[in-house]
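What follows is the content of target-v9.cif, which has mmCIF, C-alpha atoms and all ligand atoms:
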```
data_structure
#
loop_
_atom_site.label_atom_id
_atom_site.label_comp_id
_atom_site.auth_asym_id
_atom_site.auth_seq_id
_atom_site.Cartn_x
_atom_site.Cartn_y
_atom_site.Cartn_z
CA MET F 1 57.82 71.23 -49.58
CA SER F 2 55.61 73.01 -47.04
CA ARG F 3 56.16 72.36 -43.36
CA GLU F 4 54.06 69.75 -41.57
CA ARG F 5 51.48 71.18 -39.14
CA TRP F 6 49.35 70.05 -36.24
CA SER F 7 45.77 69.77 -37.40
CA THR F 8 44.43 71.63 -34.34
CA GLY F 9 45.70 73.41 -31.25
CA LEU F 10 44.27 70.59 -29.16
CA GLY F 11 46.27 68.05 -31.17
CA PHE F 12 49.45 69.95 -30.34
CA ILE F 13 48.55 70.17 -26.64
CA LEU F 14 47.78 66.44 -26.44
CA ALA F 15 51.03 65.53 -28.18
CA SER F 16 52.98 67.74 -25.76
CA ILE F 17 51.18 66.28 -22.76
CA GLY F 18 52.05 62.88 -24.24
CA SER F 19 55.69 63.86 -24.26
CA ALA F 20 55.63 65.15 -20.69
CA VAL F 21 53.58 62.37 -19.15
CA GLY F 22 55.73 59.28 -18.98
CA ILE F 23 57.28 56.76 -16.68
CA GLY F 24 58.51 59.79 -14.71
CA ASN F 25 54.99 60.69 -13.64
CA ILE F 26 53.69 57.28 -12.80
CA TRP F 27 56.40 55.69 -10.75
CA ARG F 28 59.26 58.17 -10.40
CA PHE F 29 57.14 60.98 -8.96
CA PRO F 30 55.43 58.88 -6.25
CA TYR F 31 58.65 57.40 -4.91
CA ILE F 32 60.46 60.73 -4.96
CA VAL F 33 57.58 62.23 -2.99
CA GLY F 34 57.75 59.27 -0.63
CA THR F 35 61.45 59.74 0.05
CA ASN F 36 61.46 63.56 0.16
CA GLY F 37 59.02 64.65 2.79
CA GLY F 38 55.64 63.46 1.51
CA GLY F 39 53.12 66.25 0.94
CA ALA F 40 55.68 68.96 1.81
CA PHE F 41 57.59 68.02 -1.35
CA LEU F 42 54.76 69.51 -3.39
CA ILE F 43 55.88 73.00 -2.35
CA PRO F 44 59.40 72.90 -3.88
CA TYR F 45 58.00 70.83 -6.73
CA LEU F 46 55.32 73.35 -7.71
CA ILE F 47 57.81 76.20 -7.36
CA SER F 48 60.28 74.36 -9.62
CA VAL F 49 57.62 73.67 -12.24
CA PHE F 50 56.18 77.18 -12.39
CA LEU F 51 59.31 79.22 -11.81
CA PHE F 52 61.81 77.19 -13.85
CA GLY F 53 60.13 74.48 -15.91
CA LEU F 54 57.35 76.57 -17.37
CA PRO F 55 59.54 79.54 -18.47
CA LEU F 56 61.99 77.16 -20.15
CA MET F 57 59.09 75.41 -21.86
CA MET F 58 57.81 78.76 -23.17
CA LEU F 59 61.30 79.66 -24.40
CA GLU F 60 61.57 76.44 -26.41
CA LEU F 61 58.08 76.78 -27.86
CA ALA F 62 58.70 80.41 -28.83
CA VAL F 63 61.99 79.62 -30.59
CA GLY F 64 60.48 76.70 -32.52
CA ARG F 65 57.37 78.62 -33.48
CA HIS F 66 59.29 81.69 -34.57
CA LEU F 67 62.03 79.98 -36.54
CA GLN F 68 59.75 77.26 -37.96
CA THR F 69 62.49 74.66 -37.92
CA SER F 70 63.91 71.95 -35.68
CA VAL F 71 66.86 71.93 -33.26
CA GLY F 72 69.92 71.73 -35.58
CA PRO F 73 68.87 74.42 -38.09
CA ALA F 74 67.24 76.51 -35.33
CA PHE F 75 70.50 76.70 -33.41
CA ARG F 76 72.33 77.60 -36.61
CA ALA F 77 69.79 80.37 -37.24
CA ILE F 78 70.47 81.74 -33.76
CA GLY F 79 74.18 81.84 -34.53
CA GLN F 80 76.40 79.84 -36.88
CA ARG F 81 78.64 78.94 -33.93
CA PHE F 82 75.77 77.19 -32.12
CA PHE F 83 75.20 74.53 -34.74
CA PHE F 84 77.51 72.16 -32.89
CA ALA F 85 75.60 72.76 -29.62
CA GLY F 86 72.39 71.86 -31.49
CA ILE F 87 73.96 68.61 -32.67
CA VAL F 88 75.10 67.81 -29.11
CA LEU F 89 71.50 68.25 -27.99
CA VAL F 90 70.20 65.94 -30.73
CA VAL F 91 72.79 63.31 -29.78
CA ILE F 92 71.86 63.50 -26.07
CA VAL F 93 68.14 63.06 -26.85
CA SER F 94 68.97 60.07 -29.07
CA LEU F 95 71.06 58.48 -26.33
CA ILE F 96 68.33 59.04 -23.74
CA LEU F 97 65.81 57.49 -26.11
CA SER F 98 68.04 54.46 -26.67
CA TYR F 99 67.79 53.49 -23.00
CA TYR F 100 64.27 54.86 -22.37
CA LEU F 101 63.16 52.31 -24.98
CA VAL F 102 64.63 49.57 -22.81
CA VAL F 103 62.46 50.55 -19.82
CA SER F 104 59.46 50.93 -22.15
CA SER F 105 60.07 47.44 -23.42
CA TRP F 106 60.13 45.97 -19.89
CA VAL F 107 56.79 47.64 -19.23
CA LEU F 108 55.31 46.28 -22.44
CA ALA F 109 56.54 42.80 -21.57
CA TYR F 110 55.06 42.98 -18.07
CA SER F 111 51.64 44.02 -19.38
CA LEU F 112 51.66 40.99 -21.67
CA PHE F 113 52.85 38.65 -18.91
CA PHE F 114 50.03 39.81 -16.64
CA ALA F 115 47.48 39.52 -19.46
CA LEU F 116 48.62 35.93 -20.09
CA GLN F 117 48.72 35.28 -16.33
CA ARG F 118 52.35 34.24 -16.55
CA PRO F 119 54.12 36.29 -13.88
CA VAL F 120 57.90 36.46 -14.09
CA ASP F 121 60.72 37.17 -11.72
CA PHE F 122 62.39 40.50 -12.61
CA ASP F 123 65.97 39.22 -12.44
CA ALA F 124 65.11 36.10 -14.40
CA PHE F 125 63.36 38.25 -17.02
CA THR F 126 66.13 40.82 -17.47
CA GLY F 127 68.70 38.03 -17.45
CA SER F 128 67.01 36.33 -20.40
CA TYR F 129 66.89 37.37 -24.06
CA TYR F 130 63.20 38.31 -23.88
CA PRO F 131 64.04 41.98 -23.28
CA LEU F 132 65.72 42.07 -26.68
CA VAL F 133 62.53 40.94 -28.40
CA PHE F 134 60.45 43.50 -26.53
CA PHE F 135 63.05 46.21 -27.13
CA LEU F 136 62.69 45.70 -30.88
CA LEU F 137 58.91 45.47 -30.62
CA SER F 138 58.39 48.67 -28.66
CA GLY F 139 60.99 50.38 -30.86
CA LEU F 140 59.02 49.37 -33.95
CA ILE F 141 55.81 50.88 -32.56
CA VAL F 142 57.61 54.17 -31.88
CA PHE F 143 59.25 54.02 -35.32
CA ALA F 144 55.94 53.39 -37.13
CA THR F 145 54.30 56.31 -35.33
CA VAL F 146 56.98 58.86 -36.18
CA ARG F 147 57.27 57.56 -39.73
CA SER F 148 53.56 58.33 -40.28
CA GLY F 149 54.17 62.02 -39.67
CA VAL F 150 53.21 64.82 -37.33
CA ARG F 151 49.48 64.71 -37.99
CA GLU F 152 48.86 61.12 -39.01
CA GLY F 153 51.29 59.60 -36.54
CA ILE F 154 52.18 61.69 -33.48
CA GLU F 155 48.95 63.67 -33.20
CA ARG F 156 46.71 60.73 -33.98
CA ILE F 157 48.28 58.42 -31.42
CA SER F 158 48.22 61.15 -28.73
CA ARG F 159 44.49 61.74 -29.24
CA VAL F 160 43.84 58.10 -28.38
CA VAL F 161 46.53 57.51 -25.78
CA ILE F 162 46.00 60.49 -23.44
CA PRO F 163 42.25 59.97 -22.78
CA LEU F 164 42.78 56.21 -22.48
CA LEU F 165 45.64 56.67 -20.04
CA LEU F 166 43.57 59.02 -17.91
CA LEU F 167 40.67 56.58 -17.86
CA ILE F 168 42.86 53.66 -16.73
CA LEU F 169 44.54 55.85 -14.12
CA LEU F 170 41.22 57.01 -12.66
CA LEU F 171 39.96 53.43 -12.53
CA LEU F 172 43.08 52.31 -10.70
CA VAL F 173 42.90 55.25 -8.27
CA VAL F 174 39.31 54.41 -7.35
CA PHE F 175 40.19 50.77 -6.89
CA SER F 176 43.24 51.59 -4.80
CA LEU F 177 41.40 54.02 -2.55
CA ALA F 178 38.80 51.35 -1.90
CA GLN F 179 41.39 49.00 -0.33
CA PRO F 180 41.26 48.58 3.44
CA GLY F 181 44.06 50.67 4.95
CA ALA F 182 44.15 53.07 1.99
CA ALA F 183 43.72 56.12 4.24
CA GLU F 184 47.08 55.45 5.87
CA GLY F 185 48.76 55.52 2.45
CA VAL F 186 47.07 58.78 1.50
CA ALA F 187 48.12 60.27 4.84
CA PHE F 188 51.74 59.24 4.26
CA TYR F 189 51.62 60.68 0.74
CA LEU F 190 50.00 64.00 1.51
CA THR F 191 50.80 64.88 5.13
CA PRO F 192 53.47 67.55 4.86
CA ASP F 193 56.67 67.39 6.89
CA PHE F 194 57.74 71.03 6.66
CA SER F 195 61.02 70.44 8.46
CA LEU F 196 62.32 68.99 5.20
CA LEU F 197 61.95 72.28 3.35
CA GLY F 198 65.23 73.47 4.85
CA ASP F 199 67.05 70.57 3.20
CA PRO F 200 68.74 71.64 -0.07
CA LEU F 201 68.70 68.04 -1.29
CA VAL F 202 64.91 68.06 -1.23
CA TRP F 203 64.97 71.17 -3.41
CA ALA F 204 67.49 69.60 -5.77
CA ALA F 205 65.27 66.54 -6.05
CA ALA F 206 62.34 68.81 -6.90
CA PHE F 207 64.29 70.62 -9.66
CA GLY F 208 65.50 67.35 -11.15
CA GLN F 209 62.06 65.79 -11.15
CA ALA F 210 60.40 68.93 -12.60
CA PHE F 211 62.77 69.13 -15.59
CA PHE F 212 62.60 65.38 -16.21
CA SER F 213 58.84 65.21 -15.96
CA LEU F 214 58.07 68.20 -18.18
CA SER F 215 60.51 66.99 -20.91
CA VAL F 216 61.96 70.51 -21.08
CA GLY F 217 65.44 71.46 -22.21
CA MET F 218 65.59 68.61 -24.74
CA GLY F 219 64.56 70.43 -27.89
CA ILE F 220 61.33 68.41 -27.95
CA LEU F 221 59.09 71.40 -27.34
CA LEU F 222 61.18 73.46 -29.76
CA THR F 223 60.50 70.83 -32.43
CA TYR F 224 56.80 70.50 -31.56
CA GLY F 225 56.50 74.31 -31.52
CA SER F 226 57.90 74.49 -35.04
CA TYR F 227 54.75 72.75 -36.33
CA LEU F 228 52.56 75.53 -34.88
CA GLU F 229 51.30 78.46 -36.87
CA ARG F 230 50.01 80.96 -34.31
CA ALA F 231 49.30 80.09 -30.71
CA ASN F 232 49.01 81.53 -27.24
CA LEU F 233 52.20 79.99 -25.91
CA PHE F 234 51.71 80.99 -22.29
CA ARG F 235 48.27 79.40 -22.13
CA ASN F 236 49.41 76.24 -23.93
CA ALA F 237 52.48 75.79 -21.76
CA THR F 238 50.38 76.25 -18.61
CA ILE F 239 47.88 73.61 -19.74
CA ILE F 240 50.71 71.16 -20.48
CA ALA F 241 52.43 71.73 -17.12
CA VAL F 242 49.23 71.54 -15.07
CA SER F 243 48.16 68.31 -16.80
CA ASP F 244 51.58 66.82 -16.15
CA ILE F 245 51.37 67.68 -12.44
CA ALA F 246 47.79 66.44 -12.14
CA ILE F 247 48.67 63.05 -13.61
CA ALA F 248 51.69 62.69 -11.33
CA ILE F 249 49.63 63.51 -8.23
CA LEU F 250 46.92 61.05 -9.29
CA ALA F 251 49.55 58.36 -9.81
CA GLY F 252 50.60 58.81 -6.18
CA LEU F 253 47.00 58.38 -5.10
CA MET F 254 47.04 55.03 -6.84
CA ILE F 255 50.40 53.78 -5.59
CA PHE F 256 50.51 54.77 -1.90
CA PRO F 257 47.21 53.20 -0.82
CA LEU F 258 48.34 49.92 -2.42
CA VAL F 259 51.78 50.11 -0.85
CA PHE F 260 50.29 50.68 2.60
CA ALA F 261 47.40 48.26 2.27
CA PHE F 262 49.94 45.54 1.46
CA ASN F 263 52.66 46.71 3.77
CA VAL F 264 55.51 47.00 1.24
CA ASP F 265 58.35 49.51 0.91
CA PRO F 266 57.27 52.75 -0.87
CA ALA F 267 60.82 53.85 -1.64
CA ALA F 268 61.97 50.82 -3.55
CA GLY F 269 63.08 52.76 -6.68
CA VAL F 270 63.13 50.69 -9.87
CA ASN F 271 62.01 47.73 -7.82
CA LEU F 272 58.79 49.52 -6.89
CA ALA F 273 57.43 49.12 -10.42
CA PHE F 274 58.93 45.79 -11.38
CA VAL F 275 59.09 43.82 -8.14
CA THR F 276 57.02 45.37 -5.34
CA LEU F 277 53.87 46.29 -7.26
CA PRO F 278 53.76 43.05 -9.27
CA SER F 279 53.90 41.10 -6.00
CA VAL F 280 51.06 43.24 -4.65
CA PHE F 281 48.96 42.61 -7.77
CA LEU F 282 49.61 38.88 -7.58
CA SER F 283 48.28 38.71 -4.05
CA MET F 284 45.06 40.58 -4.89
CA GLN F 285 41.73 39.65 -6.25
CA PHE F 286 41.55 40.63 -9.94
CA GLY F 287 45.32 41.06 -9.70
CA SER F 288 46.04 39.99 -13.25
CA VAL F 289 43.53 42.50 -14.65
CA LEU F 290 44.99 45.25 -12.46
CA GLY F 291 48.55 44.32 -13.36
CA THR F 292 47.71 44.30 -17.06
CA LEU F 293 46.01 47.70 -16.81
CA PHE F 294 48.82 49.21 -14.75
CA PHE F 295 51.59 48.14 -17.12
CA ALA F 296 49.53 48.93 -20.22
CA MET F 297 49.08 52.44 -18.82
CA LEU F 298 52.81 52.76 -18.17
CA PHE F 299 53.52 51.61 -21.70
CA LEU F 300 51.11 54.15 -23.21
CA ALA F 301 52.75 56.87 -21.16
CA ALA F 302 56.23 55.78 -22.24
CA LEU F 303 55.21 55.43 -25.88
CA THR F 304 54.21 59.06 -26.44
CA SER F 305 57.34 60.24 -24.60
CA ALA F 306 59.57 58.03 -26.74
CA VAL F 307 57.81 59.25 -29.88
CA SER F 308 58.59 62.85 -28.94
CA MET F 309 62.25 62.02 -28.40
CA LEU F 310 62.56 60.26 -31.77
CA GLU F 311 60.97 63.25 -33.49
CA VAL F 312 63.89 65.50 -32.42
CA PRO F 313 66.66 63.80 -34.49
CA VAL F 314 64.24 62.87 -37.28
CA ALA F 315 63.06 66.48 -37.71
CA THR F 316 66.65 67.72 -37.67
CA VAL F 317 67.64 65.28 -40.44
CA ILE F 318 64.57 66.29 -42.49
CA ASP F 319 65.13 70.02 -42.05
CA SER F 320 68.91 69.94 -42.48
CA TYR F 321 69.29 67.54 -45.38
CA GLY F 322 65.88 67.65 -47.05
CA TYR F 323 65.40 63.89 -46.60
CA PRO F 324 61.83 62.60 -46.95
CA ARG F 325 60.34 61.72 -43.53
CA LYS F 326 60.22 57.97 -44.14
CA ARG F 327 63.87 57.74 -45.07
CA ALA F 328 64.94 60.04 -42.22
CA THR F 329 63.00 57.97 -39.68
CA LEU F 330 64.49 54.71 -40.89
CA LEU F 331 68.00 56.08 -40.76
CA VAL F 332 67.67 57.57 -37.27
CA PHE F 333 65.80 54.57 -35.90
CA GLY F 334 68.53 52.23 -37.14
CA VAL F 335 71.16 54.24 -35.28
CA ILE F 336 69.06 54.35 -32.08
CA VAL F 337 68.53 50.59 -32.08
CA LEU F 338 72.28 50.11 -32.37
CA LEU F 339 72.87 52.56 -29.53
CA GLY F 340 70.25 50.87 -27.35
CA LEU F 341 71.39 47.28 -27.87
CA PRO F 342 74.12 47.39 -25.21
CA SER F 343 71.61 48.68 -22.62
CA ALA F 344 69.00 46.14 -23.68
CA LEU F 345 71.51 43.31 -23.36
CA SER F 346 73.33 44.49 -20.27
CA TYR F 347 71.72 42.11 -17.75
CA THR F 348 71.79 39.05 -19.99
CA GLY F 349 74.43 36.32 -19.91
CA LEU F 350 76.65 38.71 -21.88
CA ARG F 351 76.95 40.87 -18.72
CA LEU F 352 77.73 44.09 -20.56
CA GLU F 353 79.40 46.27 -17.96
CA LEU F 354 81.81 49.17 -17.73
CA PHE F 355 83.72 49.82 -14.50
CA GLY F 356 81.61 47.07 -12.90
CA THR F 357 78.33 48.89 -13.67
CA PRO F 358 75.82 47.38 -16.11
CA LEU F 359 75.60 49.53 -19.25
CA PHE F 360 71.90 50.13 -18.66
CA ASP F 361 72.56 51.72 -15.25
CA LEU F 362 75.44 53.69 -16.68
CA SER F 363 73.24 55.07 -19.51
CA ASP F 364 70.60 55.98 -16.97
CA TYR F 365 73.15 58.01 -15.01
CA VAL F 366 75.23 59.51 -17.82
CA PHE F 367 72.51 60.24 -20.39
CA GLY F 368 69.26 60.19 -18.43
CA THR F 369 70.54 62.19 -15.47
CA LEU F 370 73.64 64.20 -16.37
CA GLY F 371 72.84 64.47 -20.11
CA LEU F 372 69.36 65.73 -19.40
CA ILE F 373 70.58 68.52 -17.12
CA PHE F 374 73.44 69.40 -19.47
CA SER F 375 71.10 69.73 -22.43
CA GLY F 376 68.80 71.98 -20.37
CA LEU F 377 71.83 74.19 -19.76
CA ILE F 378 72.61 74.35 -23.48
CA VAL F 379 69.04 75.31 -24.34
CA SER F 380 68.72 77.95 -21.65
CA ILE F 381 72.06 79.56 -22.50
CA VAL F 382 71.79 79.54 -26.30
CA ALA F 383 68.11 80.46 -26.48
CA GLY F 384 68.09 82.70 -23.40
CA TRP F 385 71.17 84.78 -24.25
CA PHE F 386 71.45 84.81 -28.00
CA VAL F 387 67.88 85.05 -29.23
CA ASP F 388 66.66 88.59 -29.95
CA PRO F 389 64.41 89.47 -26.97
CA GLU F 390 62.28 91.60 -29.25
CA TRP F 391 60.91 88.72 -31.26
CA LEU F 392 60.86 86.51 -28.21
CA PHE F 393 58.52 88.93 -26.49
CA ALA F 394 56.45 89.28 -29.63
CA GLU F 395 55.89 85.51 -29.38
CA LEU F 396 55.22 85.47 -25.66
CA GLY F 397 53.28 88.70 -25.06
CA GLY F 398 52.98 90.08 -21.50
CA THR F 399 53.77 93.48 -19.97
CA PRO F 400 57.28 95.01 -20.10
CA ARG F 401 57.71 94.33 -16.39
CA LEU F 402 56.82 90.68 -16.75
CA GLN F 403 59.11 90.43 -19.75
CA ARG F 404 62.05 91.81 -17.78
CA ALA F 405 61.41 89.35 -14.97
CA TYR F 406 61.16 86.56 -17.50
CA LEU F 407 64.50 87.41 -19.06
CA LEU F 408 66.10 87.47 -15.64
CA LEU F 409 64.76 84.00 -14.96
CA VAL F 410 65.85 82.36 -18.20
CA ARG F 411 69.23 84.11 -18.39
CA TYR F 412 70.36 83.80 -14.80
CA CYS F 413 68.19 81.73 -12.48
CA ILE F 414 67.55 78.70 -14.68
CA PRO F 415 71.18 78.19 -15.84
CA VAL F 416 72.44 78.65 -12.28
CA VAL F 417 69.92 76.16 -10.85
CA LEU F 418 70.74 73.66 -13.60
CA PHE F 419 74.46 74.13 -13.09
CA ILE F 420 74.20 73.52 -9.34
CA THR F 421 72.04 70.44 -9.92
CA LEU F 422 74.58 69.13 -12.45
CA VAL F 423 77.50 69.59 -10.06
CA ALA F 424 75.51 68.00 -7.21
CA ARG F 425 74.79 64.96 -9.38
CA ILE F 426 78.40 64.63 -10.53
CA LEU F 427 79.55 64.72 -6.91
CA GLY F 428 77.16 61.86 -6.35
CA ILE F 429 74.59 63.65 -4.21
CA PRO F 430 71.29 61.94 -4.90
CA ALA F 431 69.22 64.85 -6.18
CA GLY F 432 66.12 63.25 -7.58
N1 LIG S 501 58.90 63.33 -19.37
C1 LIG S 501 59.09 61.92 -19.47
C2 LIG S 501 58.60 61.25 -18.22
O1 LIG S 501 58.14 61.92 -17.29
O2 LIG S 501 58.70 60.03 -18.17
C3 LIG S 501 60.49 61.51 -19.62
C4 LIG S 501 61.27 62.22 -20.64
C5 LIG S 501 60.82 62.32 -21.92
C6 LIG S 501 62.45 62.77 -20.29
C7 LIG S 501 61.54 62.97 -22.85
C8 LIG S 501 63.21 63.41 -21.21
C9 LIG S 501 62.73 63.52 -22.47
F1 LIG S 501 63.44 64.10 -23.38
#
```
Have the structure of the file written as structure tokens, please.
Ligand code: PFF
Amino acid sequence: MSRERWSTGLGFILASIGSAVGIGNIWRFPYIVGTNGGGAFLIPYLISVFLFGLPLMMLELAVGRHLQTSVGPAFRAIGQRFFFAGIVLVVIVSLILSYYLVVSSWVLAYSLFFALQRPVDFDAFTGSYYPLVFFLLSGLIVFATVRSGVREGIERISRVVIPLLLLILLLLVVFSLAQPGAAEGVAFYLTPDFSLLGDPLVWAAAFGQAFFSLSVGMGILLTYGSYLERANLFRNATIIAVSDIAIAILAGLMIFPLVFAFNVDPAAGVNLAFVTLPSVFLSMQFGSVLGTLFFAMLFLAALTSAVSMLEVPVATVIDSYGYPRKRATLLVFGVIVLLGLPSALSYTGLRLELFGTPLFDLSDYVFGTLGLIFSGLIVSIVAGWFVDPEWLFAELGGTPRLQRAYLLLVRYCIPVVLFITLVARILGIPAG
């Protein structure tokens, strides 16, 4: 059977932007900016994206494109002894997806509640069994997309979702900037406080957010790259990263004016999306339309990210065992639903907790934070050290000098930065 392919280069770029742009851009980025020095945060953030995120993204794309296979078999092709590391990566992505689907399902539920003009209290909602219904519903949408294939499913949905998401975002930005008091919010967001640049925690937050937001180090771009024939990887990776940054910055221009116009706390974390902003929308004219649009946009963003995560284990099952796509998707999806159920149910009357922490919060920390950094380490070490630089450079192009600098970055700088971030997070330092 011949390998599936993107129908065009643009289709691939949109699908990769879809993977990168997610909940991380729309609410995580603005509140991290808000709590880490406002506009000054953009300096460590841009450095992290271009110096670390982008080279790792190019590494993944090059490996996938060259080997023309997904994570498990690609790692085995790099060296028989790395097959297990590939499987660890696939398991981490699946675990992240299992709880990312829970957040996606909350967002889907909120967009429906706003559309029906039936606002809910966050604690009452998560304490009920509604989240289970929405967890299955959003999971089914992701499942149906991946089951339809690279071209008919992932590429097709990305072509619709990305332009639509941008349109809604621009509308919301214009509306937000038109609120009285908006200028104060923009000033808070963009006025740099350079004194914070000496704070290592601000830098750690920037690294964490850059890796999370670009979806690098998860094998997603490796898998997406394996459906490419020939491509200019440097140009493609730059377009993906710049689009991801642009959407995150725009999201801040929507959130801060609202937060300031309505005098609420910009650093409220999870509560910002599910408690603070809903209360702002409810007190505004056209609030139910705005609330519906905002949560629909978040859901679209989450959907294409979740699709890209599901594709990683599905592609590995297809490429390793020769399963047809439909059967592979069903099998993997079944496992992910089972893995996600404890997170989806953790705030209900069942009170699923471990060491006094709800399982959802624990998954967020163990898989979404530590797992994500750990998998980035695996990718940068296996692909950076054990791939033949000759074919890597043939994929990436560039001058010999640039190539040497690149190797230095992916072999030394990126693993060291990831390692330090991992240790900082384990010691409980809030880095991002
Ligand atoms: N990049 C996504 C976001 O910004 O929300 C999140 C994400 C997707 C993280 C896929 C990790 C991942 F594997």
Give the centre and edge lengths of an axis-aligned box, in Å to one decimal, that holds all listed atoms of ligand LIG 501 (chain S) with 4 Å on each side, as lines of an AutoDock Vina configuration file.
```
center_x = 60.8
center_y = 62.1
center_z = -20.3
size_x = 13.3
size_y = 12.1
size_z = 14.1
```
Give me, as CSV, each residue of chain F that comes within 9 Å of ligand LIG 501 (chain S), together with its shortest interatomic pair and the distance in Å at one decimal, counting all atoms listed in the file, with rows ordered by chain and rising residue number.
```
residue,atom,partner,partner_atom,distance
F:Ile17,CA,S:LIG501,N1,8.9
F:Gly18,CA,S:LIG501,N1,8.4
F:Ser19,CA,S:LIG501,C5,5.8
F:Ala20,CA,S:LIG501,N1,4.0
F:Val21,CA,S:LIG501,O1,4.9
F:Gly22,CA,S:LIG501,O2,3.2
F:Ile23,CA,S:LIG501,O2,3.9
F:Gly24,CA,S:LIG501,O1,3.4
F:Asn25,CA,S:LIG501,O1,5.0
F:Ile26,CA,S:LIG501,O1,7.8
F:Trp27,CA,S:LIG501,O2,8.9
F:Arg28,CA,S:LIG501,O1,7.9
F:Phe29,CA,S:LIG501,O1,8.4
F:Ile92,CA,S:LIG501,F1,8.9
F:Val93,CA,S:LIG501,F1,5.9
F:Ser94,CA,S:LIG501,F1,8.9
F:Ile96,CA,S:LIG501,F1,7.0
F:Leu97,CA,S:LIG501,F1,7.5
F:Tyr100,CA,S:LIG501,C3,8.1
F:Gln209,CA,S:LIG501,O1,8.2
F:Ala210,CA,S:LIG501,O1,8.7
F:Phe211,CA,S:LIG501,C6,7.9
F:Phe212,CA,S:LIG501,C6,4.8
F:Ser213,CA,S:LIG501,O1,3.6
F:Leu214,CA,S:LIG501,N1,5.1
F:Ser215,CA,S:LIG501,N1,4.3
F:Val216,CA,S:LIG501,F1,7.0
F:Gly217,CA,S:LIG501,F1,7.7
F:Met218,CA,S:LIG501,F1,5.2
F:Gly219,CA,S:LIG501,F1,7.9
F:Ile220,CA,S:LIG501,F1,6.6
F:Asp244,CA,S:LIG501,O1,8.3
F:Ala248,CA,S:LIG501,O1,8.8
F:Ala301,CA,S:LIG501,O2,7.4
F:Ala302,CA,S:LIG501,O2,6.4
F:Thr304,CA,S:LIG501,C5,8.6
F:Ser305,CA,S:LIG501,C5,4.9
F:Ala306,CA,S:LIG501,C5,6.6
F:Val307,CA,S:LIG501,C7,8.8
F:Ser308,CA,S:LIG501,C7,6.8
F:Met309,CA,S:LIG501,F1,5.6
F:Gly368,CA,S:LIG501,C8,7.4
F:Leu372,CA,S:LIG501,C8,6.8
```
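With distances taken over all atoms listed in the file, F:Trp391 is the one residue among F:Tyr31, F:Trp391, F:Phe12, F:Phe260 lying closest to Leu67 of chain F.
Note that the spacing between atom CA of Val314 of chain F and atom CA of Val242 of chain F amounts to 28.2 Å.
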Q.
Measuring between only C-alpha atoms, which one of F:Asp193, F:Glu60, F:Glu229, F:Glu152 shows the shortest distance to Gly39 of chain F?
A.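 Nearest to Gly39 of chain F: F:Asp193.
Using all atoms listed in the file, the shortest contact distance between Glu311 of chain F and any of F:Ser70, F:Ala344, F:Ala394, F:Arg76 is found at F:Ser70.
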Contact residues around Phe295 of chain F with only C-alpha atoms at 8 Å, ignoring same-chain residues under 5 positions, as a count of residues only | 4
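Take atom CA of Phe188 of chain F and atom CA of Leu167 of chain F: the distance between them is 24.9 Å.
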Excluding Arg156 of chain F and its own-chain neighbours fewer than 2 positions away, which residues fall within 12 Å of it when counting only C-alpha atoms? Please give them as a PDB file with C-alpha atoms, in the frame of the given file.
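Saved as around13.pdb:
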```pdb
ATOM      1  CA  TRP F   6      49.350  70.050 -36.240  1.00  0.00           C
ATOM      2  CA  SER F   7      45.770  69.770 -37.400  1.00  0.00           C
ATOM      3  CA  THR F   8      44.430  71.630 -34.340  1.00  0.00           C
ATOM      4  CA  LEU F  10      44.270  70.590 -29.160  1.00  0.00           C
ATOM      5  CA  GLY F  11      46.270  68.050 -31.170  1.00  0.00           C
ATOM      6  CA  PHE F  12      49.450  69.950 -30.340  1.00  0.00           C
ATOM      7  CA  LEU F  14      47.780  66.440 -26.440  1.00  0.00           C
ATOM      8  CA  ALA F  15      51.030  65.530 -28.180  1.00  0.00           C
ATOM      9  CA  GLY F  18      52.050  62.880 -24.240  1.00  0.00           C
ATOM     10  CA  THR F 145      54.300  56.310 -35.330  1.00  0.00           C
ATOM     11  CA  VAL F 146      56.980  58.860 -36.180  1.00  0.00           C
ATOM     12  CA  SER F 148      53.560  58.330 -40.280  1.00  0.00           C
ATOM     13  CA  GLY F 149      54.170  62.020 -39.670  1.00  0.00           C
ATOM     14  CA  VAL F 150      53.210  64.820 -37.330  1.00  0.00           C
ATOM     15  CA  ARG F 151      49.480  64.710 -37.990  1.00  0.00           C
ATOM     16  CA  GLU F 152      48.860  61.120 -39.010  1.00  0.00           C
ATOM     17  CA  GLY F 153      51.290  59.600 -36.540  1.00  0.00           C
ATOM     18  CA  ILE F 154      52.180  61.690 -33.480  1.00  0.00           C
ATOM     19  CA  SER F 158      48.220  61.150 -28.730  1.00  0.00           C
ATOM     20  CA  ARG F 159      44.490  61.740 -29.240  1.00  0.00           C
ATOM     21  CA  VAL F 160      43.840  58.100 -28.380  1.00  0.00           C
ATOM     22  CA  VAL F 161      46.530  57.510 -25.780  1.00  0.00           C
ATOM     23  CA  ILE F 162      46.000  60.490 -23.440  1.00  0.00           C
ATOM     24  CA  THR F 304      54.210  59.060 -26.440  1.00  0.00           C
ATOM     25  CA  VAL F 307      57.810  59.250 -29.880  1.00  0.00           C
TER      26      VAL F 307
END
```
Please provide as a ChimeraX atom specification all residues within 10 Å of segment 350-364 of chain F, with the sequence filter that same-chain residues fewer than 6 positions apart are discarded (counting all atoms listed in the file).
/F:95-96,98-100,102-103,127,340-344,370-371
